[in-house]
$ cat structure.txt   # compact mmCIF, C-alpha atoms
# COMPACT_ATOMS: atom_id res chain seq x y z
CA MET A 348 -41.96 306.74 166.11
CA THR A 349 -40.84 307.31 169.70
CA ALA A 350 -42.21 305.34 172.64
CA PRO A 351 -43.95 308.36 174.32
CA LEU A 352 -45.78 309.17 171.08
CA GLN A 353 -46.81 305.55 170.66
CA ARG A 354 -48.22 305.55 174.20
CA GLU A 355 -50.08 308.79 173.50
CA LEU A 356 -51.66 307.32 170.37
CA VAL A 357 -52.77 304.30 172.41
CA VAL A 358 -54.28 306.64 175.03
CA LEU A 359 -56.08 308.63 172.31
CA ALA A 360 -57.41 305.43 170.72
CA ALA A 361 -58.63 304.16 174.12
CA TRP A 362 -60.26 307.53 174.86
CA LEU A 363 -62.09 307.54 171.53
CA PHE A 364 -63.14 303.91 172.10
CA VAL A 365 -64.69 304.91 175.45
CA MET A 366 -66.50 307.81 173.72
CA LEU A 367 -67.69 305.36 171.06
CA ILE A 368 -69.13 302.99 173.72
CA LEU A 369 -70.83 305.87 175.53
CA GLY A 370 -72.22 307.13 172.20
CA ALA A 371 -73.63 303.70 171.46
CA VAL A 372 -75.22 303.49 174.93
CA PHE A 373 -76.84 306.90 174.66
CA ASN A 374 -77.53 306.53 170.94
CA SER A 375 -75.29 309.53 169.98
CA VAL A 376 -72.01 308.15 168.62
CA THR A 377 -71.10 311.24 166.56
CA GLY A 378 -71.83 313.64 169.40
CA PHE A 379 -69.76 311.70 171.93
CA LEU A 380 -66.82 311.27 169.50
CA LEU A 381 -66.85 315.01 168.77
CA ALA A 382 -67.06 315.82 172.47
CA GLY A 383 -64.15 313.43 173.16
CA LEU A 384 -61.98 315.06 170.49
CA LEU A 385 -62.83 318.54 171.81
CA ALA A 386 -61.90 317.43 175.34
CA TYR A 387 -58.62 315.98 174.06
CA VAL A 388 -57.81 319.23 172.19
CA ALA A 389 -58.74 321.30 175.26
CA TRP A 390 -56.44 319.16 177.43
CA ASN A 391 -53.54 319.70 175.03
CA LEU A 392 -54.21 323.44 174.78
CA TYR A 393 -54.21 323.63 178.57
CA ASN A 394 -50.81 321.89 178.71
CA LEU A 395 -49.46 324.07 175.90
CA ASN A 396 -50.46 327.14 177.92
CA LYS A 397 -48.69 325.76 181.03
CA LEU A 398 -45.61 324.98 178.92
CA SER A 399 -45.62 328.47 177.40
CA LYS A 400 -45.75 330.10 180.85
CA TRP A 401 -42.93 327.88 182.14
CA LEU A 402 -40.74 328.56 179.09
CA ALA A 403 -41.30 332.29 179.51
CA LYS A 404 -40.05 332.05 183.09
CA PRO A 405 -38.27 328.71 183.72
CA SER A 406 -37.88 327.58 187.32
CA LYS A 407 -36.53 324.62 189.23
CA HIS A 408 -40.06 323.15 189.41
CA SER A 409 -41.43 322.01 186.08
CA PRO A 410 -45.19 321.62 185.46
CA GLU A 411 -46.72 318.25 186.27
CA SER A 412 -49.03 316.32 183.99
CA ILE A 413 -49.79 312.85 182.67
CA GLY A 414 -49.17 311.05 179.40
CA VAL A 415 -46.94 312.47 176.73
CA TRP A 416 -46.96 315.87 178.42
CA ASP A 417 -45.27 314.44 181.47
CA GLU A 418 -42.50 313.14 179.19
CA VAL A 419 -42.24 316.52 177.42
CA TYR A 420 -41.95 318.38 180.76
CA TYR A 421 -39.35 315.88 181.96
CA GLN A 422 -37.16 316.25 178.85
CA LEU A 423 -37.45 320.03 178.85
CA TYR A 424 -36.57 320.21 182.53
CA ASN A 425 -33.48 318.06 181.96
CA LEU A 426 -32.48 320.31 179.05
CA TYR A 427 -33.03 323.34 181.28
CA LYS A 428 -30.76 321.84 183.97
CA ARG A 429 -28.05 321.09 181.43
CA GLN A 430 -28.25 324.62 180.07
CA ARG A 431 -28.01 326.09 183.56
CA LYS A 432 -24.98 323.93 184.28
CA ALA A 433 -23.33 324.92 180.98
CA ARG A 434 -24.15 328.58 181.63
CA ARG A 435 -22.60 328.42 185.10
CA LYS A 436 -19.51 326.76 183.65
CA LEU A 437 -19.29 329.39 180.91
CA THR A 438 -19.74 332.15 183.48
CA ASP A 439 -16.93 330.69 185.59
CA ILE A 440 -14.67 330.52 182.55
CA LEU A 441 -15.52 334.09 181.61
CA ASN A 442 -14.91 335.28 185.18
CA ARG A 443 -11.54 333.53 185.29
CA PHE A 444 -10.66 334.98 181.91
CA GLN A 445 -11.59 338.47 183.01
CA LYS A 446 -9.66 338.12 186.27
CA SER A 447 -6.57 336.92 184.42
CA THR A 448 -6.82 339.66 181.80
CA GLN A 449 -7.40 342.25 184.51
CA ALA A 450 -3.97 341.34 185.87
CA LEU A 451 -2.25 341.31 182.49
CA PRO A 452 0.36 344.04 182.01
CA TYR A 453 -0.69 344.17 178.33
CA ALA A 454 -3.74 345.97 177.00
CA ALA A 455 -6.64 343.66 176.04
CA ILE A 456 -9.83 344.78 174.28
CA ILE A 457 -12.70 342.64 172.99
CA LEU A 458 -14.32 343.96 169.80
CA ASN A 459 -17.46 342.84 168.01
CA GLN A 460 -17.84 342.39 164.26
CA TYR A 461 -18.49 346.14 163.87
CA ASN A 462 -15.22 347.02 165.69
CA GLU A 463 -17.21 348.23 168.70
CA ILE A 464 -15.69 347.81 172.17
CA GLU A 465 -17.40 345.17 174.33
CA TRP A 466 -14.84 344.91 177.13
CA PHE A 467 -11.33 346.06 178.06
CA ASN A 468 -8.91 345.60 180.95
CA PRO A 469 -7.25 348.29 183.11
CA ALA A 470 -4.04 348.21 181.06
CA ALA A 471 -6.05 349.08 177.92
CA SER A 472 -7.82 351.84 179.83
CA GLN A 473 -4.48 353.35 180.76
CA MET A 474 -2.80 352.90 177.37
CA PHE A 475 -5.66 354.20 175.20
CA ASP A 476 -7.40 356.45 177.80
CA LEU A 477 -10.63 354.41 177.77
CA HIS A 478 -13.53 354.81 180.24
CA LYS A 479 -16.09 352.05 180.81
CA ARG A 480 -19.07 354.34 181.25
CA ILE A 481 -18.65 356.15 177.95
CA ASP A 482 -16.45 353.99 175.69
CA ILE A 483 -18.16 350.57 175.88
CA GLY A 484 -20.06 350.29 172.59
CA GLN A 485 -17.90 352.89 170.83
CA ARG A 486 -16.02 352.02 167.63
CA ILE A 487 -12.35 351.53 168.39
CA ASP A 488 -11.25 353.52 165.32
CA ASN A 489 -13.18 356.52 166.68
CA LEU A 490 -11.01 356.41 169.81
CA ILE A 491 -7.65 355.50 168.22
CA ARG A 492 -7.57 357.98 165.37
CA LEU A 493 -4.51 356.96 163.41
CA PRO A 494 -4.56 356.36 159.63
CA GLU A 495 -2.37 353.25 159.85
CA PHE A 496 -4.59 351.74 162.54
CA THR A 497 -7.78 352.46 160.57
CA LYS A 498 -6.24 350.89 157.47
CA TYR A 499 -5.18 347.86 159.52
CA LEU A 500 -8.76 347.37 160.76
CA GLN A 501 -10.35 347.80 157.35
CA HIS A 502 -8.08 345.36 155.51
CA LYS A 503 -8.44 342.70 158.25
CA LYS A 504 -4.98 341.30 157.51
CA PHE A 505 -4.11 340.46 161.10
CA LYS A 506 -1.32 337.90 160.54
CA GLN A 507 1.34 340.57 161.06
CA PRO A 508 1.31 342.90 164.10
CA LEU A 509 0.97 346.65 163.70
CA LYS A 510 3.53 349.06 165.16
CA PHE A 511 2.68 352.73 165.61
CA ILE A 512 3.43 355.77 167.76
CA LEU A 513 0.70 356.93 170.18
CA HIS A 514 1.22 359.69 172.78
CA LYS A 515 4.99 359.49 172.17
CA LYS A 516 4.97 355.76 172.93
CA LYS A 517 5.77 352.96 170.50
CA ILE A 518 2.97 350.39 170.55
CA ILE A 519 2.86 346.92 169.02
CA LEU A 520 -0.71 345.69 168.46
CA ASN A 521 -2.19 342.33 167.47
CA ILE A 522 -5.76 341.40 166.58
CA THR A 523 -6.92 337.77 166.66
CA LYS A 524 -10.29 336.12 166.18
CA TYR A 525 -11.71 335.54 169.66
CA SER A 526 -15.06 333.85 168.96
CA GLU A 527 -17.84 334.07 166.39
CA GLY A 528 -18.16 337.76 165.55
CA GLN A 529 -15.62 338.83 168.20
CA TYR A 530 -11.96 339.84 168.06
CA LEU A 531 -9.32 340.20 170.77
CA LEU A 532 -7.09 343.23 170.42
CA SER A 533 -3.89 343.05 172.46
CA ALA A 534 -1.25 345.76 172.66
CA ARG A 535 1.89 346.52 174.62
CA ASP A 536 4.28 349.39 175.03
CA ILE A 537 7.66 348.57 173.46
CA THR A 538 9.15 352.06 173.80
CA ALA A 539 11.83 351.04 176.30
CA MET A 540 12.72 347.87 174.39
CA SER A 541 12.97 349.82 171.11
CA GLN A 542 15.19 352.40 172.77
CA VAL A 543 17.53 349.68 174.05
CA VAL A 544 17.65 348.04 170.60
CA ASN A 545 18.31 351.41 168.94
CA MET A 546 21.00 352.27 171.46
CA ARG A 547 22.72 348.94 170.92
CA ARG A 548 22.50 349.25 167.15
CA ASP A 549 23.75 352.85 167.18
CA PHE A 550 26.56 351.95 169.55
CA ILE A 551 27.73 349.07 167.35
CA SER A 552 27.46 351.19 164.21
CA ASN A 553 29.21 354.24 165.70
CA ALA A 554 31.91 352.21 167.44
CA SER A 555 32.58 350.26 164.26
CA HIS A 556 32.93 353.42 162.19
CA GLU A 557 35.17 355.05 164.81
CA LEU A 558 37.45 352.00 164.97
CA ARG A 559 38.02 352.01 161.24
CA THR A 560 40.06 355.24 161.31
CA PRO A 561 42.75 354.10 163.80
CA LEU A 562 42.89 350.70 162.09
CA THR A 563 43.50 352.38 158.76
CA VAL A 564 46.29 354.45 160.31
CA MET A 565 47.81 351.36 161.93
CA SER A 566 47.63 349.47 158.66
CA GLY A 567 49.46 352.28 156.89
CA TYR A 568 52.27 352.37 159.46
CA VAL A 569 52.60 348.57 159.42
CA GLU A 570 52.87 348.58 155.66
CA PHE A 571 55.50 351.36 155.81
CA LEU A 572 57.52 349.54 158.46
CA SER A 573 57.33 346.26 156.54
CA HIS A 574 59.08 347.81 153.54
CA ASN A 575 61.99 348.99 155.67
CA ALA A 576 62.12 346.28 158.32
CA GLY A 577 64.77 343.69 158.79
CA ASP A 578 64.05 339.99 158.80
CA ASN A 579 63.91 339.90 162.60
CA ILE A 580 60.76 342.09 162.82
CA LYS A 581 59.00 341.15 159.60
CA VAL A 582 57.20 338.20 161.21
CA PRO A 583 55.71 340.31 164.08
CA LEU A 584 54.62 342.94 161.57
CA GLU A 585 52.91 340.28 159.43
CA LYS A 586 51.05 339.04 162.52
CA ILE A 587 49.95 342.59 163.30
CA GLU A 588 48.73 343.02 159.72
CA GLU A 589 46.76 339.76 159.92
CA GLN A 590 45.01 340.97 163.08
CA ILE A 591 44.26 344.35 161.45
CA VAL A 592 42.64 342.53 158.52
CA ARG A 593 40.65 340.38 160.94
CA MET A 594 39.52 343.44 162.92
CA ASN A 595 38.39 345.14 159.72
CA LYS A 596 36.38 342.06 158.83
CA ILE A 597 34.72 341.96 162.26
CA ILE A 598 33.85 345.64 161.95
CA SER A 599 32.39 345.13 158.47
CA GLU A 600 30.21 342.26 159.70
CA LEU A 601 29.09 344.23 162.77
CA ILE A 602 28.06 347.11 160.52
CA GLU A 603 26.26 344.66 158.22
CA LEU A 604 24.42 343.11 161.18
CA ALA A 605 23.42 346.54 162.50
CA LYS A 606 22.19 347.49 159.03
CA ILE A 607 20.04 344.36 158.79
CA GLU A 608 18.57 344.95 162.25
CA SER A 609 17.59 348.52 161.36
CA SER A 610 16.20 347.63 157.93
CA ALA A 611 12.51 347.87 157.14
CA THR A 612 10.31 344.78 157.07
CA ILE A 613 11.03 342.44 154.17
CA ASP A 614 8.85 342.99 151.09
CA SER A 615 7.57 339.45 150.58
CA SER A 616 6.16 340.31 147.14
CA VAL A 617 9.63 340.55 145.54
CA ARG A 618 10.47 337.34 143.71
CA VAL A 619 14.01 335.91 143.74
CA GLU A 620 14.87 333.16 141.25
CA ILE A 621 16.67 330.35 143.10
CA ASN A 622 18.73 329.19 140.09
CA ALA A 623 20.22 332.65 139.50
CA LEU A 624 20.78 333.29 143.21
CA LEU A 625 22.61 330.05 143.90
CA GLN A 626 24.59 330.23 140.66
CA ASP A 627 26.02 333.56 141.87
CA VAL A 628 26.82 332.02 145.26
CA TYR A 629 28.45 329.01 143.59
CA ASN A 630 30.66 331.17 141.34
CA GLU A 631 31.73 333.22 144.34
CA ALA A 632 32.59 330.04 146.27
CA LEU A 633 34.70 328.70 143.37
CA SER A 634 36.65 331.94 143.30
CA LEU A 635 37.26 331.78 147.06
CA ASP A 636 38.14 328.07 147.06
CA ASN A 637 41.02 328.09 144.53
CA ASN A 638 40.27 324.46 143.53
CA GLU A 639 41.04 323.08 147.00
CA HIS A 640 37.68 321.22 147.30
CA ARG A 641 35.18 319.42 145.10
CA ILE A 642 32.23 321.82 145.08
CA VAL A 643 28.98 320.55 143.53
CA LEU A 644 25.93 322.62 142.63
CA ASP A 645 22.54 320.83 142.38
CA ILE A 646 19.81 323.42 141.73
CA ASP A 647 17.75 322.18 138.80
CA THR A 648 14.44 323.53 140.12
CA ASP A 649 12.66 322.58 136.88
CA ASP A 650 12.70 318.96 138.09
CA LEU A 651 10.94 319.80 141.36
CA LYS A 652 7.34 318.73 141.80
CA HIS A 653 5.95 322.19 142.61
CA LYS A 654 6.61 324.94 140.09
CA ASP A 655 6.65 327.62 142.82
CA ALA A 656 9.83 325.94 144.16
CA ARG A 657 11.78 327.90 141.56
CA TYR A 658 11.46 331.10 143.56
CA LEU A 659 11.97 332.62 146.99
CA TYR A 660 10.38 335.89 148.05
CA GLY A 661 12.27 338.64 149.82
CA ASN A 662 15.55 340.54 149.61
CA TYR A 663 18.05 339.18 147.06
CA ASP A 664 21.15 340.69 148.70
CA GLU A 665 20.25 339.36 152.15
CA LEU A 666 19.49 335.87 150.83
CA ARG A 667 22.75 335.83 148.89
CA MET A 668 24.57 336.80 152.09
CA VAL A 669 23.02 333.79 153.88
CA PHE A 670 24.18 331.20 151.36
CA SER A 671 27.54 332.90 150.81
CA ASN A 672 28.24 332.71 154.55
CA LEU A 673 27.28 329.04 154.65
CA MET A 674 29.48 328.22 151.65
CA THR A 675 32.38 330.23 153.11
CA ASN A 676 32.11 328.31 156.40
CA ALA A 677 32.04 324.99 154.52
CA ILE A 678 35.22 325.94 152.63
CA ARG A 679 36.98 327.07 155.81
CA TYR A 680 36.14 324.02 157.91
CA THR A 681 36.53 321.32 155.24
CA PRO A 682 40.04 319.88 154.77
CA PRO A 683 41.59 320.16 151.27
CA ASP A 684 40.22 317.71 148.70
CA GLY A 685 36.96 317.46 150.68
CA ASP A 686 33.41 317.57 149.26
CA ILE A 687 30.97 320.51 149.45
CA LYS A 688 27.47 320.44 147.99
CA LEU A 689 24.93 323.24 147.52
CA PHE A 690 21.47 321.90 146.66
CA VAL A 691 17.70 322.45 146.71
CA SER A 692 14.99 320.06 147.94
CA GLU A 693 11.28 320.29 148.75
CA ASN A 694 8.30 318.67 150.43
CA ASP A 695 4.66 319.65 150.92
CA THR A 696 5.46 322.24 153.63
CA VAL A 697 8.90 323.72 152.89
CA ILE A 698 11.43 324.44 150.19
CA SER A 699 14.95 323.80 151.49
CA ILE A 700 18.30 325.15 150.35
CA ALA A 701 21.22 323.39 152.01
CA VAL A 702 24.99 323.30 152.18
CA GLN A 703 26.59 319.94 152.98
CA ASP A 704 30.28 319.34 153.58
CA SER A 705 32.65 316.54 154.56
CA GLY A 706 34.53 318.77 156.98
CA VAL A 707 35.58 318.52 160.61
CA GLY A 708 32.01 318.42 161.91
CA ILE A 709 30.62 319.88 165.13
CA GLN A 710 30.11 318.22 168.49
CA TYR A 711 26.44 317.95 169.48
CA GLU A 712 26.64 320.18 172.56
CA HIS A 713 27.84 323.15 170.47
CA ILE A 714 25.05 323.08 167.85
CA PRO A 715 22.35 325.00 169.84
CA ARG A 716 24.75 327.92 170.37
CA LEU A 717 26.23 328.23 166.89
CA THR A 718 24.09 331.24 165.90
CA GLU A 719 25.09 333.29 168.96
CA ARG A 720 27.27 336.30 168.21
CA PHE A 721 31.01 335.60 168.58
CA TYR A 722 30.39 332.00 169.66
CA ARG A 723 33.11 329.66 168.40
CA VAL A 724 33.47 325.90 168.77
CA ASP A 725 37.27 326.12 168.65
CA GLU A 726 38.43 329.70 169.16
CA GLY A 727 42.05 329.00 168.21
CA ARG A 728 41.17 327.25 164.97
CA SER A 729 38.47 329.80 164.14
CA ARG A 730 40.90 332.70 164.43
CA GLU A 731 43.54 330.79 162.49
CA ILE A 732 41.26 330.35 159.46
CA GLY A 733 39.77 333.84 159.63
CA GLY A 734 36.42 333.26 161.33
CA THR A 735 34.74 336.17 163.15
CA GLY A 736 31.95 334.39 165.02
CA LEU A 737 29.31 336.59 163.34
CA GLY A 738 28.54 334.71 160.10
CA LEU A 739 25.91 332.35 161.48
CA ALA A 740 24.38 335.14 163.59
CA ILE A 741 23.82 337.08 160.36
CA VAL A 742 22.41 333.92 158.70
CA LYS A 743 19.92 333.37 161.54
CA HIS A 744 18.82 337.00 161.60
CA VAL A 745 18.22 337.16 157.84
CA LEU A 746 16.29 333.87 157.88
CA ASP A 747 14.10 335.16 160.70
CA ARG A 748 13.29 338.21 158.58
CA HIS A 749 12.23 335.85 155.77
CA SER A 750 10.16 333.61 158.11
CA ALA A 751 12.56 330.73 157.45
CA ASN A 752 14.31 328.31 159.81
CA LEU A 753 17.90 327.11 160.06
CA ALA A 754 18.38 323.38 160.72
CA ILE A 755 21.86 322.08 161.57
CA GLN A 756 22.93 318.44 161.43
CA SER A 757 26.51 317.46 162.14
CA GLU A 758 28.65 314.54 163.25
CA TYR A 759 32.05 315.28 164.66
CA GLY A 760 34.76 314.24 162.21
CA LYS A 761 32.30 313.44 159.40
CA GLY A 762 30.91 316.76 158.21
CA SER A 763 27.89 319.04 158.56
CA LEU A 764 24.61 319.97 156.90
CA PHE A 765 23.18 323.50 157.18
CA ARG A 766 19.62 323.61 155.78
CA CYS A 767 17.45 326.70 155.31
CA ASP A 768 13.73 325.84 155.30
CA PHE A 769 11.37 328.35 153.67
CA PRO A 770 7.66 327.64 154.40
CA ARG A 771 5.57 327.09 151.28
CA SER A 772 2.80 329.39 152.58
CA LYS A 773 5.29 332.25 152.24
CA LEU A 774 6.22 331.20 148.72
CA GLU A 775 2.82 330.75 147.07
CA HIS A 776 1.84 334.11 145.63
$ encode --input "structure.txt" --output "structure tokens"
Amino acid sequence: MTAPLQRELVVLAAWLFVMLILGAVFNSVTGFLLAGLLAYVAWNLYNLNKLSKWLAKPSKHSPESIGVWDEVYYQLYNLYKRQRKARRKLTDILNRFQKSTQALPYAAIILNQYNEIEWFNPAASQMFDLHKRIDIGQRIDNLIRLPEFTKYLQHKKFKQPLKFILHKKKIILNITKYSEGQYLLSARDITAMSQVVNMRRDFISNASHELRTPLTVMSGYVEFLSHNAGDNIKVPLEKIEEQIVRMNKIISELIELAKIESSATIDSSVRVEINALLQDVYNEALSLDNNEHRIVLDIDTDDLKHKDARYLYGNYDELRMVFSNLMTNAIRYTPPDGDIKLFVSENDTVISIAVQDSGVGIQYEHIPRLTERFYRVDEGRSREIGGTGLGLAIVKHVLDRHSANLAIQSEYGKGSLFRCDFPRSKLEH
């Protein structure tokens, strides 16, 4: 029992005691006790009425009273002040949010649980032709009438963004939970960026195809000259042929990279068995290696703790390309009689497939740039052993498409570890 209530009970007992004394004096105990109780009830009803009026229209000045009612008014007034302070703070936050979103170059729209528009910024008004006077309260799918957008809203699978064409513009749109019963829709125009990407991809693809014809002609003439050449020009012709082969390889990898960039989104429902995938990569590596290294395969996924670790999800050919490139690099940069290991490991968050070698290693400052196109640690050595500078760029791009990460650990002169981490959330179907 709280102290104010205890005091009120003491006051009530004292009041009834006074009524009892007066009743005894005037020889009407029952009448005086009843009158005292009625007076006490009337006093409380009076204070309840004052409280009701104040709650209906709160002000800075709370009602005044005595006893427990004074404590009630005091507590309610303090609660009222705290609420006003919190409301002012919330209003300030909302005003700052609206000012910041007003200045955003991206469209921002707040939707309620029924997909009705509650607020939008000027960029959204311009992008979707919205008007505050008539479109606030309208359902967003009544204003953006596209089947793919309607389907996106209905399914409520907002982890992946939606791309669509609207008024000849390419839009990328995200929806995130904003607060209880509210969602924040954000969108931006990526038309120019898409055009640049398409131009770059088309240029690489077209240039690569166009270069193949003259290289084929050159290769034919070199081969013809080699059959009829004397010893004094055979060495230069062999060098020319090596460079032609290297150019053809660069062109093939550029075309492959352009193809990957223009491919549709990965179908994450397709299951790829890790054992079969890595066995194919291992056999390919043995064929390429010609018994120059000790290559070990450790992929017994049946021994792993989680049964889902036996599978990846995505494109088999692209995943095979990743591990083939890593194994090829390990073979190229590991001295003869060195060790190369292809293995699988896991923890509670990722399943990892890694290639470890005892090769030349990589200096620390080069590691962050290894996945850049045409970046080489040692250009002379890379050309000498047939590297193009595109292998790790392809690896990184394919892993990004599969929501995986590439981790690189290396110590110069002692070897390297290239590990591909696939998040378990993407694997559990």
$ atom_distance --input "structure.txt" --atom1 "atom CA of A:Lys503" --atom2 "atom CA of A:Glu463"
14.7 Å
$ residues_around --input "structure.txt" --residues "A:Phe550" --least-positions-apart "6" --cutoff "12 Å" --atoms "all atoms listed in the file" --output "ChimeraX atom specification"
/A:542-544,556-558,601-602,605
$ write_last_selection --input "structure.txt" --atoms "C-alpha atoms" --output "PDB file, in the frame of the given file"
ATOM      1  CA  GLN A 542      15.190 352.400 172.770  1.00  0.00           C
ATOM      2  CA  VAL A 543      17.530 349.680 174.050  1.00  0.00           C
ATOM      3  CA  VAL A 544      17.650 348.040 170.600  1.00  0.00           C
ATOM      4  CA  HIS A 556      32.930 353.420 162.190  1.00  0.00           C
ATOM      5  CA  GLU A 557      35.170 355.050 164.810  1.00  0.00           C
ATOM      6  CA  LEU A 558      37.450 352.000 164.970  1.00  0.00           C
ATOM      7  CA  LEU A 601      29.090 344.230 162.770  1.00  0.00           C
ATOM      8  CA  ILE A 602      28.060 347.110 160.520  1.00  0.00           C
ATOM      9  CA  ALA A 605      23.420 346.540 162.500  1.00  0.00           C
TER      10      ALA A 605
END
$ residues_near_point --input "structure.txt" --point "(43.3, 344.9, 165.8)" --cutoff "10 Å" --atoms "only C-alpha atoms" --output "PyMOL selection string"
chain A and resi 558-559+561-562+565-566+587-595+597
$ residues_around --input "structure.txt" --residues "A:Asp614" --least-positions-apart "4" --cutoff "9 Å" --atoms "only C-alpha atoms" --output "CSV table (one decimal) with C-alpha atoms, keeping the file's coordinate frame"
chain,number,residue,atom,x,y,z
A,660,TYR,CA,10.4,335.9,148.0
A,661,GLY,CA,12.3,338.6,149.8
A,662,ASN,CA,15.6,340.5,149.6
$ closest_residue --input "structure.txt" --among "A:Leu500, A:Asn391, A:Gln529, A:Arg492" --to "A:Ile457" --atoms "all atoms listed in the file"
A:Gln529
$ atom_distance --input "structure.txt" --atom1 "atom CA of A:Gln501" --atom2 "atom CA of A:Tyr461"
10.6 Å
$ closest_atom_pairs --input "structure.txt" --of "stretch 370-458 of chain A" --to "stretch 522-525 of chain A" --cutoff "12 Å" --atoms "only C-alpha atoms" --output "JSON lines"
{"residue": "A:Ala454", "atom": "CA", "partner": "A:Ile522", "partner_atom": "CA", "distance": 11.6}
{"residue": "A:Ala455", "atom": "CA", "partner": "A:Ile522", "partner_atom": "CA", "distance": 9.8}
{"residue": "A:Ile456", "atom": "CA", "partner": "A:Ile522", "partner_atom": "CA", "distance": 9.3}
{"residue": "A:Ile457", "atom": "CA", "partner": "A:Tyr525", "partner_atom": "CA", "distance": 7.9}
{"residue": "A:Leu458", "atom": "CA", "partner": "A:Tyr525", "partner_atom": "CA", "distance": 8.8}
$ residues_near_point --input "structure.txt" --point "(-46.3, 323.2, 180.4)" --cutoff "10 Å" --atoms "all atoms listed in the file" --output "PyMOL selection string"
chain A and resi 391-402+409-412+416-417+419-420+423
$ closest_residue --input "structure.txt" --among "A:Ser671, A:Thr681, A:Gln473, A:Thr612" --to "A:Ala701" --atoms "all atoms listed in the file"
A:Ser671
$ closest_residue --input "structure.txt" --among "A:Val582, A:Leu644, A:Ala576, A:Ile613" --to "A:Gln626" --atoms "only C-alpha atoms"
A:Leu644
$ atom_distance --input "structure.txt" --atom1 "atom CA of A:Gly484" --atom2 "atom CA of A:Ala433"
26.9 Å
$ closest_residue --input "structure.txt" --among "A:Ala382, A:Val372, A:Ile642, A:Leu520" --to "A:Gly685" --atoms "all atoms listed in the file"
A:Ile642
$ closest_residue --input "structure.txt" --among "A:Ser757, A:Asn425, A:Thr538, A:Ser533" --to "A:Leu451" --atoms "only C-alpha atoms"
A:Ser533
$ closest_residue --input "structure.txt" --among "A:Ile621, A:Gln703, A:Glu603, A:Arg657" --to "A:His744" --atoms "all atoms listed in the file"
A:Glu603
$ residues_around --input "structure.txt" --residues "A:Tyr387" --least-positions-apart "6" --cutoff "10 Å" --atoms "only C-alpha atoms" --output "number ranges by chain"
A: 359, 362-363, 381, 393
$ write_last_selection --input "structure.txt" --atoms "C-alpha atoms" --output "PDB file, in the coordinates of the input"
ATOM      1  CA  LEU A 359     -56.080 308.630 172.310  1.00  0.00           C
ATOM      2  CA  TRP A 362     -60.260 307.530 174.860  1.00  0.00           C
ATOM      3  CA  LEU A 363     -62.090 307.540 171.530  1.00  0.00           C
ATOM      4  CA  LEU A 381     -66.850 315.010 168.770  1.00  0.00           C
ATOM      5  CA  TYR A 393     -54.210 323.630 178.570  1.00  0.00           C
TER       6      TYR A 393
END
$ residues_around --input "structure.txt" --residues "stretch 638-640 of chain A" --least-positions-apart "5" --cutoff "6 Å" --atoms "all atoms listed in the file" --output "ChimeraX atom specification"
/A:683-686
$ build_atoms --input "structure.txt" --residues "stretch 706-717 of chain A" --atoms "N, CA and C atoms" --output "PDB file, in the coordinates of the input"
ATOM      1  N   GLY A 706      33.508 318.134 156.166  1.00  0.00           N
ATOM      2  CA  GLY A 706      34.530 318.770 156.980  1.00  0.00           C
ATOM      3  C   GLY A 706      34.710 318.170 158.356  1.00  0.00           C
ATOM      4  N   VAL A 707      35.209 319.001 159.277  1.00  0.00           N
ATOM      5  CA  VAL A 707      35.580 318.520 160.610  1.00  0.00           C
ATOM      6  C   VAL A 707      34.373 318.177 161.474  1.00  0.00           C
ATOM      7  N   GLY A 708      33.205 318.708 161.130  1.00  0.00           N
ATOM      8  CA  GLY A 708      32.010 318.420 161.910  1.00  0.00           C
ATOM      9  C   GLY A 708      31.971 319.218 163.217  1.00  0.00           C
ATOM     10  N   ILE A 709      30.845 319.109 163.903  1.00  0.00           N
ATOM     11  CA  ILE A 709      30.620 319.880 165.130  1.00  0.00           C
ATOM     12  C   ILE A 709      30.087 318.949 166.196  1.00  0.00           C
ATOM     13  N   GLN A 710      30.633 319.037 167.395  1.00  0.00           N
ATOM     14  CA  GLN A 710      30.110 318.220 168.490  1.00  0.00           C
ATOM     15  C   GLN A 710      28.702 318.677 168.862  1.00  0.00           C
ATOM     16  N   TYR A 711      27.878 317.718 169.277  1.00  0.00           N
ATOM     17  CA  TYR A 711      26.440 317.950 169.480  1.00  0.00           C
ATOM     18  C   TYR A 711      26.163 319.098 170.448  1.00  0.00           C
ATOM     19  N   GLU A 712      26.935 319.185 171.522  1.00  0.00           N
ATOM     20  CA  GLU A 712      26.640 320.180 172.560  1.00  0.00           C
ATOM     21  C   GLU A 712      26.843 321.627 172.077  1.00  0.00           C
ATOM     22  N   HIS A 713      27.587 321.793 170.979  1.00  0.00           N
ATOM     23  CA  HIS A 713      27.840 323.150 170.470  1.00  0.00           C
ATOM     24  C   HIS A 713      26.734 323.632 169.522  1.00  0.00           C
ATOM     25  N   ILE A 714      25.994 322.708 168.930  1.00  0.00           N
ATOM     26  CA  ILE A 714      25.050 323.080 167.850  1.00  0.00           C
ATOM     27  C   ILE A 714      24.019 324.115 168.286  1.00  0.00           C
ATOM     28  N   PRO A 715      23.370 324.000 169.472  1.00  0.00           N
ATOM     29  CA  PRO A 715      22.350 325.000 169.840  1.00  0.00           C
ATOM     30  C   PRO A 715      22.880 326.427 169.952  1.00  0.00           C
ATOM     31  N   ARG A 716      24.203 326.590 170.138  1.00  0.00           N
ATOM     32  CA  ARG A 716      24.750 327.920 170.370  1.00  0.00           C
ATOM     33  C   ARG A 716      25.473 328.505 169.155  1.00  0.00           C
ATOM     34  N   LEU A 717      25.439 327.810 168.046  1.00  0.00           N
ATOM     35  CA  LEU A 717      26.230 328.230 166.890  1.00  0.00           C
ATOM     36  C   LEU A 717      25.832 329.596 166.339  1.00  0.00           C
TER      37      LEU A 717
END
